[in-house]
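> Pasting a structure here, questions to come.
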Amino acid sequence: MTPLSQLLPGQYGKLSSLNPERAVDQRLMALGLLPGMVLKLIRRAPLGDPLAIEFGGQVVSLRLAEAESLIVDVAADCPVQRPQKLS
Amino acid sequence: MSAKEITVALVGNPNTGKSTLFNALTGLRQKVGNYPGVTVARKSGRCDCGDGLKVELVDLPGLYSLAAASPDEQVVTDVLLGSLEGSQQPDAIVVVLDATNLLRNLFLASQLAELNLPLAVVLNQADVAHEQGLKIDTQLLSQRLGGVPVVLTSAWKGEGIASVRRAIAEVLSKKTKMARLTWPAQVESALGSIVSAVQSDTGTAPSMADAQRILFSSNAHTSERLGWTLARREPVIRQARDQVRAAGFNPLAAEPLIHYAHLRKVLEGVTSGGAGKQGNAAALDRVLLHRVMGPILFTGIMLGLFASVFWLAKFPMQWIQAGVDFLKSIVAPALAGTPMLQSLVTDGILAGVGAFLAFLPQILILFLFVGILEDSGYMARAAFIMDRLFSWCGLNGKSFVPLLSGFACAIPGLLSTRTIEDPKARLATAFAVPFMSCSARFPIYALMCAAFIGPLYGPGWESVVMVGMHCVGLIFAVPTAFVLTRFILKVKPQPFVLELPRYQMPKPRDVLWRMWQNAAEFISKAGTVIFAITIIIWALCYFPRDAQMAEKIRAAEPTLSTHELQARMQAAMIEQSWMGRFGKAVQPVFDPCGFDWKITVGVLASFPAREVIVSTLGVTYSIGKGAEADSNHLRQAMQEAKWLSGPRVGTPIFSLAAVLALMVFFALCSQCGPTIATLAQETGGWKWAAASFFYMTILAWVMAVVVYQTVIRIL
Ligand SMILES: Nc1nc2c(ncn2[C@@H]2O[C@H](COP(=O)(O)OP(=O)(O)OP(=O)(O)O)[C@@H](O)[C@H]2O)c(=O)[nH]1
Ligand SMILES: [Mg+2]
């Protein structure tokens, strides 16, 4: 149970929850970032913010403030991608 | 567009190659670039689909989901629903998917299936998929999607275009529709309850797609469009969402969850291979986005861009100048018999339009570099690097492209603000764009630097001032945006979700085409607006002619030589011309900035288009030179210009203080009719356009006064 913002560059995490009320999270879900999905924090921008994350074969930018409320389970480097139901 | 015309819409995620495909199908030339959000408005063209079937093809901005957030995405949903004024729903949809990322791309396709329109699927960028070793079973995919044609293309190479034409013809005749997914029973019944409630409340049944927007989206656009009032819809939607919850889904997350689960099954066995993609991006990003190297390279690239624009353009500029001088030397003697015509052609048209055209090389080079940066995929990285700085003034990285485009021209910059979701953040960005030093400001900087800074302080200072002037607008735009976003508009912190595309070799065809389009616009401006303004300014400077002028001067100073008399006469002529009188009347306003009446004339004439300043100075300062104008560069005329009266009499008009004040004035002043019109259009009214105009113009005057009065006291 770690906020995505605390992952280290190169670390994988399995998304456990997001907040569907938020516009950003809706956008990320449309891009395929759903609970159960494994993502990787690739890097932070030179000034520390935003982050570049990779999931489903794409690289997307995300601000630190938004990454704070995306909760992940830090995972070993084994991208298993099974979406779960979210209630 | 006649009512009968068949229309087909190109829809897909950003940066999949819709515009490239559109160009291949219609033979037109839409702007293409490796950045999500190049196309921001609908564009249409004719596409021949064989057997005499001609359809109206519509190229649209890219989007990830039909739950539209930004205005460019809204355009797509409006077109698809036929809710735009004077348009109807398209007869068919061509969904363009990036073959290398099918799952995500199919999410939109799956939403489109709910519109129940004939649909064809194009898997573009097949060449990249092939390179990655990705294999796609199109037949199986077509079968899984309910028999819609699935075509593999490489739009950029022109491969598979004929099959797309065939597929369009096929779906139009067979009305093939993509299979809808099977919604869980409770969700289906929740949708059903919304459909029947809307029907009984408004009298018309909504489409299934509309019902889904109402059920799944947090915004109320759809309900409002259908005229479903808040009081009536509230209880119905609440109940429907409870049903969705009972099925175990959060209503706001249900749509992607259900679609993606469905699509994973659709894709099972369809693709194989293709591991290890994004390879080039990862390696290049390690350098270009490196904590230390990244910003250094970014600064280097930006400085290199402006330096090369300045240096590379130097020689072609001289050639153009020489060409114009040559023309003058031929034309002047030929027209010696008719002094008025001679003056019109040499002092008016050639001096004015020639001075303007000399800046064509710089514009070409600037757009060449912008095109290369964008098509290579670096632009999105630049936005990524800059986001932090933008967030400080309430904007986000998506403001980067509008602002950078603003350095070429404010209008494409203003149009590209449409990719910004939040209306207030978009407004703040649009307000900042006209501050960027557009290429139309380049001529006056270049003229001033070449005529004064260079000769006085050497070429080193010339480029320092040049770069400095490009920063002036930026320096004022930042606090302006800060105050605007924090205190006036109160913009909330913005999300910044931008896909970083893969890197690619810039495609010369696309880059050169964009460069040419911008150049053509510039040239046609020279041939129309600038030409007309030049002639008007010339006429205002030439008339009225006082026939007794020579006698008057001779009477006052009988000892003058013929040559001196000639010079005196011409100076006196222009002073008593309409323009001379007008400029002198207004000059006191600009006197604190150190502008004489000729500069004042130039400033006033430049309000419709700021680049007019150069041609106007060209006319006002060369008109006194008569037939010998061919040997007199505008530069020289200005260097020699002195105050003829007032407290500064005898000192050069173009002192360092005045030169800097003039450049600062042009850096900040709002002098572009089309920009004001576009601003009004993009911000939905004249209020913000007027605010921008007065704010920038007053700021320009104040700063010009500050610069002039300060520098003159220091030196
Ligand atoms: N390798 C390859 N590149 C392509 C192909 N088609 C398009 N591209 C490139 O992909 C990038 C995006 O192309 P566009 O046509 O601008 O994409 P779009 O879908 O119109 O993008 P938006 O207008 O931003 O939604 C450009 O750099 C194109 O050159 C293709 O078949 N193969
Ligand atoms: Mg496009």
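In the structure tokens, the first chain shown is A, the next is B, and so on; residue numbers restart at 1 for each chain, and ligands run from 1 in the order shown.
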Let me see if you get this right: every residue at most 8 Å from ligand 2, counting only C-alpha atoms and all ligand atoms, written as a PDB file with N, CA, C and O atoms, in the first residue's frame.

```
ATOM      1  N   PRO B  14      -5.384  10.252 -30.258  1.00  0.00           N
ATOM      2  CA  PRO B  14      -4.418  11.223 -30.783  1.00  0.00           C
ATOM      3  C   PRO B  14      -3.171  10.530 -31.329  1.00  0.00           C
ATOM      4  O   PRO B  14      -2.793   9.464 -30.847  1.00  0.00           O
ATOM      5  N   ASN B  15      -2.587  11.140 -32.316  1.00  0.00           N
ATOM      6  CA  ASN B  15      -1.291  10.702 -32.838  1.00  0.00           C
ATOM      7  C   ASN B  15      -1.278   9.314 -33.467  1.00  0.00           C
ATOM      8  O   ASN B  15      -0.241   8.669 -33.503  1.00  0.00           O
ATOM      9  N   GLY B  17      -2.332   8.793 -36.648  1.00  0.00           N
ATOM     10  CA  GLY B  17      -2.094   8.956 -38.079  1.00  0.00           C
ATOM     11  C   GLY B  17      -3.367   9.257 -38.865  1.00  0.00           C
ATOM     12  O   GLY B  17      -3.422   9.019 -40.068  1.00  0.00           O
ATOM     13  N   LYS B  18      -4.357   9.823 -38.208  1.00  0.00           N
ATOM     14  CA  LYS B  18      -5.610  10.157 -38.897  1.00  0.00           C
ATOM     15  C   LYS B  18      -5.381  11.192 -39.991  1.00  0.00           C
ATOM     16  O   LYS B  18      -5.870  11.043 -41.105  1.00  0.00           O
ATOM     17  N   SER B  19      -4.645  12.231 -39.642  1.00  0.00           N
ATOM     18  CA  SER B  19      -4.433  13.281 -40.639  1.00  0.00           C
ATOM     19  C   SER B  19      -3.572  12.775 -41.784  1.00  0.00           C
ATOM     20  O   SER B  19      -3.778  13.154 -42.933  1.00  0.00           O
ATOM     21  N   THR B  20      -2.600  11.920 -41.471  1.00  0.00           N
ATOM     22  CA  THR B  20      -1.774  11.340 -42.524  1.00  0.00           C
ATOM     23  C   THR B  20      -2.654  10.513 -43.459  1.00  0.00           C
ATOM     24  O   THR B  20      -2.526  10.591 -44.685  1.00  0.00           O
ATOM     25  N   GLN B  30      -3.193  18.184 -44.757  1.00  0.00           N
ATOM     26  CA  GLN B  30      -3.467  18.613 -43.400  1.00  0.00           C
ATOM     27  C   GLN B  30      -2.180  18.565 -42.602  1.00  0.00           C
ATOM     28  O   GLN B  30      -1.323  17.721 -42.853  1.00  0.00           O
ATOM     29  N   LYS B  31      -2.110  19.417 -41.617  1.00  0.00           N
ATOM     30  CA  LYS B  31      -0.959  19.445 -40.731  1.00  0.00           C
ATOM     31  C   LYS B  31      -0.813  18.113 -39.999  1.00  0.00           C
ATOM     32  O   LYS B  31      -1.771  17.569 -39.467  1.00  0.00           O
ATOM     33  N   VAL B  32       0.407  17.585 -39.993  1.00  0.00           N
ATOM     34  CA  VAL B  32       0.688  16.297 -39.386  1.00  0.00           C
ATOM     35  C   VAL B  32       1.866  16.497 -38.437  1.00  0.00           C
ATOM     36  O   VAL B  32       2.743  17.309 -38.689  1.00  0.00           O
ATOM     37  N   GLY B  33       1.885  15.793 -37.318  1.00  0.00           N
ATOM     38  CA  GLY B  33       3.040  15.932 -36.432  1.00  0.00           C
ATOM     39  C   GLY B  33       3.008  14.911 -35.325  1.00  0.00           C
ATOM     40  O   GLY B  33       1.939  14.441 -34.943  1.00  0.00           O
ATOM     41  N   GLY B  37      -2.390  15.834 -30.377  1.00  0.00           N
ATOM     42  CA  GLY B  37      -3.135  17.085 -30.400  1.00  0.00           C
ATOM     43  C   GLY B  37      -2.708  18.031 -31.494  1.00  0.00           C
ATOM     44  O   GLY B  37      -2.739  19.241 -31.312  1.00  0.00           O
ATOM     45  N   VAL B  38      -2.306  17.489 -32.640  1.00  0.00           N
ATOM     46  CA  VAL B  38      -1.915  18.356 -33.750  1.00  0.00           C
ATOM     47  C   VAL B  38      -3.161  18.928 -34.424  1.00  0.00           C
ATOM     48  O   VAL B  38      -3.256  20.108 -34.712  1.00  0.00           O
ATOM     49  N   THR B  39      -4.142  18.048 -34.665  1.00  0.00           N
ATOM     50  CA  THR B  39      -5.387  18.503 -35.273  1.00  0.00           C
ATOM     51  C   THR B  39      -6.306  18.990 -34.161  1.00  0.00           C
ATOM     52  O   THR B  39      -6.527  18.268 -33.199  1.00  0.00           O
ATOM     53  N   VAL B  40      -6.812  20.216 -34.270  1.00  0.00           N
ATOM     54  CA  VAL B  40      -7.675  20.711 -33.206  1.00  0.00           C
ATOM     55  C   VAL B  40      -9.059  21.133 -33.709  1.00  0.00           C
ATOM     56  O   VAL B  40      -9.895  21.566 -32.942  1.00  0.00           O
ATOM     57  N   ASP B  59     -11.681  14.916 -41.198  1.00  0.00           N
ATOM     58  CA  ASP B  59     -10.561  14.639 -40.297  1.00  0.00           C
ATOM     59  C   ASP B  59     -10.868  15.332 -38.973  1.00  0.00           C
ATOM     60  O   ASP B  59     -11.286  16.482 -38.937  1.00  0.00           O
ATOM     61  N   LEU B  60     -10.687  14.607 -37.877  1.00  0.00           N
ATOM     62  CA  LEU B  60     -11.069  15.146 -36.574  1.00  0.00           C
ATOM     63  C   LEU B  60      -9.898  15.111 -35.611  1.00  0.00           C
ATOM     64  O   LEU B  60      -8.947  14.354 -35.796  1.00  0.00           O
ATOM     65  N   PRO B  61      -9.979  15.915 -34.541  1.00  0.00           N
ATOM     66  CA  PRO B  61      -8.958  15.831 -33.497  1.00  0.00           C
ATOM     67  C   PRO B  61      -8.988  14.439 -32.867  1.00  0.00           C
ATOM     68  O   PRO B  61     -10.009  13.765 -32.885  1.00  0.00           O
ATOM     69  N   GLY B  62      -7.861  14.026 -32.289  1.00  0.00           N
ATOM     70  CA  GLY B  62      -7.821  12.726 -31.645  1.00  0.00           C
ATOM     71  C   GLY B  62      -8.421  12.780 -30.254  1.00  0.00           C
ATOM     72  O   GLY B  62      -8.451  13.825 -29.628  1.00  0.00           O
TER      73      GLY B  62
END
```
> With 8 Å as the limit and counting only C-alpha atoms, what residues in chain A lie close to chain B? Please list them as a ChimeraX atom specification.
/A:20-21,24,26-32,34,45-50,56-63,66,83,85-87
> Just the residues within 8 Å of stretch 617-621 of chain B, please, counting only C-alpha atoms, with nothing from its chain fewer than 5 positions along; format it as a VMD selection string.
chain B and resid 347 to 348 351 to 352 355 534 537 to 538 541 574 598 to 599 602 634 637 to 638
> Please compute the atom CA of B:Ser154-atom CA of B:Met515 distance, one decimal, in Å.
23.6 Å
> Show me, as a ChimeraX atom specification, the residues that have an atom within 7 Å of stretch 586-595 of chain B when counting only C-alpha atoms, minus same-chain residues fewer than 6 positions from it.
/B:658,661,704-705,708
> For those residues, write N, CA and C atoms to a file as a PDB file, in the first residue's frame.

```pdb
ATOM      1  N   ALA B 658      16.284  55.041 -27.644  1.00  0.00           N
ATOM      2  CA  ALA B 658      15.104  54.987 -28.500  1.00  0.00           C
ATOM      3  C   ALA B 658      15.002  53.638 -29.199  1.00  0.00           C
ATOM      4  N   ALA B 661      13.771  51.179 -26.656  1.00  0.00           N
ATOM      5  CA  ALA B 661      12.370  51.470 -26.336  1.00  0.00           C
ATOM      6  C   ALA B 661      11.455  51.004 -27.464  1.00  0.00           C
ATOM      7  N   ALA B 704       8.028  51.074 -22.705  1.00  0.00           N
ATOM      8  CA  ALA B 704       8.869  51.837 -23.637  1.00  0.00           C
ATOM      9  C   ALA B 704       9.317  53.132 -22.970  1.00  0.00           C
ATOM     10  N   VAL B 705       8.418  53.780 -22.245  1.00  0.00           N
ATOM     11  CA  VAL B 705       8.772  55.010 -21.537  1.00  0.00           C
ATOM     12  C   VAL B 705       9.833  54.696 -20.481  1.00  0.00           C
ATOM     13  N   TYR B 708      13.189  53.987 -22.197  1.00  0.00           N
ATOM     14  CA  TYR B 708      13.800  55.183 -22.792  1.00  0.00           C
ATOM     15  C   TYR B 708      14.335  56.123 -21.721  1.00  0.00           C
TER      16      TYR B 708
END
```
> Pick from A:Ala65, A:Ala23, A:Val72, A:Ile53: nearest to A:Lys40, with only C-alpha atoms counted?
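Closest candidate: A:Ile53.
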> With only C-alpha atoms as the basis for distance, which of B:Leu123, B:Ile530, B:Ile214, B:Cys409 is at the shortest distance from B:Ala440?
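For B:Ala440, the nearest of the candidates is B:Cys409.
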> Running DSSP on the backbone, which parts of stretch 347-409 of chain B land in alpha helix (DSSP H), as an NGL selection string?
:B and (351-357 or 360-376 or 378-392 or 400-408)
> What's the 10 Å shell around B:Arg418, counting only C-alpha atoms, without same-chain residues fewer than 6 positions away, as a list of chain:residue names?
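Counting only the stated atoms, we get B:Gly37, B:Thr39, B:Val40, B:Ala41, B:Pro61, B:Ser70, B:Pro71, B:Asp72, B:Glu73, B:Gln74, B:Lys398, B:Ser399, B:Pro402, B:Arg426, B:Leu427, B:Ala430, B:Glu682.
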> List every residue of stretch 27-83 of chain A that DSSP, applied to the backbone of this structure, places in strand (DSSP E or B), and write the result as a count of residues only.
22
> Would you work out the distance separating atom CA of B:Val309 from atom CA of B:Asp325, expressed in Å to one decimal?
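Atom CA of B:Asp325 lies at a distance of 23.7 Å from atom CA of B:Val309.
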> Can you tell me which residues surround A:Ser16 at a distance of at most 8 Å, considering only C-alpha atoms, apart from same-chain residues fewer than 6 positions away, and format the answer as a list in words?
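After dropping sequence-adjacent residues, the list is Met1, Pro35, Gly36, Leu70, Ile71, Val72 and Asp73 of chain A.
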> For C-alpha atoms, I'd like the residues from the last selection saved as a PDB file, in the first residue's frame.

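Generated output (part-v5.pdb):
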```
ATOM      1  CA  MET A   1       0.000   0.000   0.000  1.00  0.00           C
ATOM      2  CA  PRO A  35      -7.036  -1.583 -10.665  1.00  0.00           C
ATOM      3  CA  GLY A  36      -4.905  -4.716 -10.886  1.00  0.00           C
ATOM      4  CA  LEU A  70      -3.051   6.413  -6.684  1.00  0.00           C
ATOM      5  CA  ILE A  71      -2.322   3.512  -4.360  1.00  0.00           C
ATOM      6  CA  VAL A  72      -0.100   0.684  -5.573  1.00  0.00           C
ATOM      7  CA  ASP A  73       1.366  -2.514  -4.184  1.00  0.00           C
TER       8      ASP A  73
END
```
> Measuring atom to atom with only C-alpha atoms and all ligand atoms, identify which of B:Val614, B:Ile372, B:Leu312, B:Ala690 is nearest to ligand 1.
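Closest to ligand 1, using only C-alpha atoms and all ligand atoms: B:Ile372.
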> Which polymer residues have any atom within 9 Å of an atom of stretch 7-13 of chain A, counting only C-alpha atoms, with same-chain residues fewer than 3 positions away left out, as a ChimeraX atom specification?
/A:2-4,16,37-44,71-79
> So that I have them on file, write out the residues from the current selection with all heavy atoms, as a short mmCIF file (atom, residue, chain, number, x, y, z; two decimals), in the first residue's frame.

```cif
data_model
loop_
_atom_site.label_atom_id
_atom_site.label_comp_id
_atom_site.auth_asym_id
_atom_site.auth_seq_id
_atom_site.Cartn_x
_atom_site.Cartn_y
_atom_site.Cartn_z
N THR A 2 1.33 1.64 -1.16
CA THR A 2 2.20 2.80 -1.27
C THR A 2 1.58 3.78 -2.28
O THR A 2 1.03 3.33 -3.29
CB THR A 2 3.58 2.39 -1.84
OG1 THR A 2 3.92 1.13 -1.26
CG2 THR A 2 4.64 3.40 -1.54
N PRO A 3 1.65 5.08 -2.03
CA PRO A 3 1.22 6.00 -3.09
C PRO A 3 2.19 5.88 -4.27
O PRO A 3 3.40 5.73 -4.06
CB PRO A 3 1.32 7.38 -2.44
CG PRO A 3 1.49 7.14 -0.97
CD PRO A 3 2.06 5.77 -0.80
N LEU A 4 1.63 5.96 -5.45
CA LEU A 4 2.45 5.85 -6.66
C LEU A 4 3.61 6.86 -6.64
O LEU A 4 4.70 6.59 -7.13
CB LEU A 4 1.55 6.08 -7.88
CG LEU A 4 2.21 6.24 -9.24
CD1 LEU A 4 3.06 5.03 -9.57
CD2 LEU A 4 1.15 6.43 -10.31
N SER A 16 -3.77 -0.64 -6.85
CA SER A 16 -4.82 -1.25 -6.05
C SER A 16 -6.05 -0.36 -5.95
O SER A 16 -7.16 -0.86 -5.89
CB SER A 16 -4.29 -1.66 -4.67
OG SER A 16 -4.05 -0.52 -3.90
N MET A 37 -3.79 -3.47 -12.61
CA MET A 37 -2.83 -3.26 -13.69
C MET A 37 -1.44 -3.02 -13.09
O MET A 37 -1.31 -2.28 -12.12
CB MET A 37 -3.30 -2.00 -14.42
CG MET A 37 -2.62 -1.74 -15.68
SD MET A 37 -3.45 -2.67 -16.95
CE MET A 37 -2.41 -2.21 -18.31
N VAL A 38 -0.43 -3.59 -13.74
CA VAL A 38 0.93 -3.33 -13.28
C VAL A 38 1.49 -2.14 -14.04
O VAL A 38 1.34 -2.03 -15.26
CB VAL A 38 1.83 -4.56 -13.46
CG1 VAL A 38 3.28 -4.21 -13.19
CG2 VAL A 38 1.39 -5.67 -12.53
N LEU A 39 2.07 -1.22 -13.33
CA LEU A 39 2.67 -0.06 -13.99
C LEU A 39 4.09 0.12 -13.49
O LEU A 39 4.49 -0.47 -12.49
CB LEU A 39 1.84 1.19 -13.73
CG LEU A 39 1.55 1.58 -12.27
CD1 LEU A 39 2.68 2.41 -11.72
CD2 LEU A 39 0.25 2.34 -12.20
N LYS A 40 4.83 0.92 -14.20
CA LYS A 40 6.22 1.14 -13.85
C LYS A 40 6.47 2.64 -13.79
O LYS A 40 6.02 3.38 -14.68
CB LYS A 40 7.11 0.52 -14.93
CG LYS A 40 8.60 0.69 -14.70
CD LYS A 40 9.35 0.10 -15.88
CE LYS A 40 10.84 0.31 -15.75
NZ LYS A 40 11.54 -0.13 -16.97
N LEU A 41 7.13 3.07 -12.73
CA LEU A 41 7.54 4.46 -12.69
C LEU A 41 8.85 4.55 -13.46
O LEU A 41 9.85 3.96 -13.06
CB LEU A 41 7.75 4.93 -11.24
CG LEU A 41 8.17 6.40 -11.19
CD1 LEU A 41 6.99 7.31 -11.36
CD2 LEU A 41 8.92 6.72 -9.92
N ILE A 42 8.82 5.25 -14.57
CA ILE A 42 10.04 5.31 -15.38
C ILE A 42 11.00 6.35 -14.84
O ILE A 42 12.16 6.08 -14.60
CB ILE A 42 9.70 5.61 -16.84
CG1 ILE A 42 8.81 4.51 -17.37
CG2 ILE A 42 10.96 5.72 -17.67
CD1 ILE A 42 8.59 4.57 -18.83
N ARG A 43 10.51 7.55 -14.66
CA ARG A 43 11.39 8.60 -14.14
C ARG A 43 10.57 9.78 -13.67
O ARG A 43 9.38 9.89 -13.91
CB ARG A 43 12.37 9.05 -15.21
CG ARG A 43 11.71 9.71 -16.42
CD ARG A 43 12.71 10.42 -17.27
NE ARG A 43 13.91 9.64 -17.43
CZ ARG A 43 14.04 8.62 -18.24
NH1 ARG A 43 13.00 8.24 -18.98
NH2 ARG A 43 15.16 7.97 -18.33
N ARG A 44 11.27 10.64 -12.94
CA ARG A 44 10.72 11.94 -12.60
C ARG A 44 11.29 12.93 -13.60
O ARG A 44 12.41 12.76 -14.06
CB ARG A 44 11.15 12.35 -11.20
CG ARG A 44 10.42 11.61 -10.11
CD ARG A 44 11.23 11.59 -8.83
NE ARG A 44 10.71 10.52 -7.98
CZ ARG A 44 9.68 10.69 -7.16
NH1 ARG A 44 9.12 11.86 -7.05
NH2 ARG A 44 9.24 9.67 -6.45
N ILE A 71 -2.98 4.43 -5.28
CA ILE A 71 -2.32 3.51 -4.36
C ILE A 71 -1.89 2.25 -5.10
O ILE A 71 -2.66 1.66 -5.85
CB ILE A 71 -3.29 3.13 -3.21
CG1 ILE A 71 -3.85 4.40 -2.55
CG2 ILE A 71 -2.58 2.25 -2.19
CD1 ILE A 71 -2.81 5.31 -1.92
N VAL A 72 -0.62 1.88 -4.91
CA VAL A 72 -0.10 0.68 -5.57
C VAL A 72 0.51 -0.28 -4.55
O VAL A 72 0.89 0.12 -3.45
CB VAL A 72 0.98 1.03 -6.62
CG1 VAL A 72 0.41 1.89 -7.72
CG2 VAL A 72 2.17 1.73 -5.96
N ASP A 73 0.57 -1.55 -4.93
CA ASP A 73 1.37 -2.51 -4.18
C ASP A 73 2.66 -2.66 -4.94
O ASP A 73 2.66 -3.00 -6.12
CB ASP A 73 0.68 -3.89 -4.16
CG ASP A 73 -0.63 -3.83 -3.39
OD1 ASP A 73 -0.67 -3.13 -2.37
OD2 ASP A 73 -1.62 -4.47 -3.83
N VAL A 74 3.76 -2.38 -4.25
CA VAL A 74 5.05 -2.50 -4.92
C VAL A 74 5.22 -3.94 -5.36
O VAL A 74 5.04 -4.88 -4.57
CB VAL A 74 6.20 -2.07 -4.00
CG1 VAL A 74 7.53 -2.21 -4.71
CG2 VAL A 74 5.99 -0.63 -3.56
N ALA A 75 5.51 -4.15 -6.62
CA ALA A 75 5.54 -5.50 -7.18
C ALA A 75 6.93 -5.86 -7.64
O ALA A 75 7.76 -4.99 -7.89
CB ALA A 75 4.57 -5.59 -8.35
N ALA A 76 7.18 -7.18 -7.70
CA ALA A 76 8.40 -7.64 -8.36
C ALA A 76 8.24 -7.35 -9.84
O ALA A 76 7.17 -6.97 -10.30
CB ALA A 76 8.58 -9.12 -8.10
N ASP A 77 9.31 -7.51 -10.62
CA ASP A 77 9.23 -7.13 -12.03
C ASP A 77 8.48 -8.16 -12.87
O ASP A 77 9.02 -8.68 -13.84
CB ASP A 77 10.63 -6.93 -12.64
CG ASP A 77 11.57 -6.26 -11.68
OD1 ASP A 77 11.12 -5.92 -10.57
OD2 ASP A 77 12.74 -6.09 -12.03
N CYS A 78 7.27 -8.49 -12.48
CA CYS A 78 6.53 -9.46 -13.29
C CYS A 78 5.17 -8.89 -13.67
O CYS A 78 4.21 -9.00 -12.93
CB CYS A 78 6.37 -10.78 -12.55
SG CYS A 78 5.64 -10.58 -10.92
N PRO A 79 5.11 -8.23 -14.80
CA PRO A 79 3.87 -7.57 -15.17
C PRO A 79 2.73 -8.55 -15.49
O PRO A 79 2.61 -9.00 -16.62
CB PRO A 79 4.25 -6.76 -16.41
CG PRO A 79 5.74 -6.82 -16.50
CD PRO A 79 6.15 -8.08 -15.81
#
```
> Using only C-alpha atoms and all ligand atoms, can you tell me which of B:Leu364, B:Ile330, B:Leu181, B:Leu10 comes closest to ligand 1?
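For ligand 1, the nearest of the given residues is B:Leu10.
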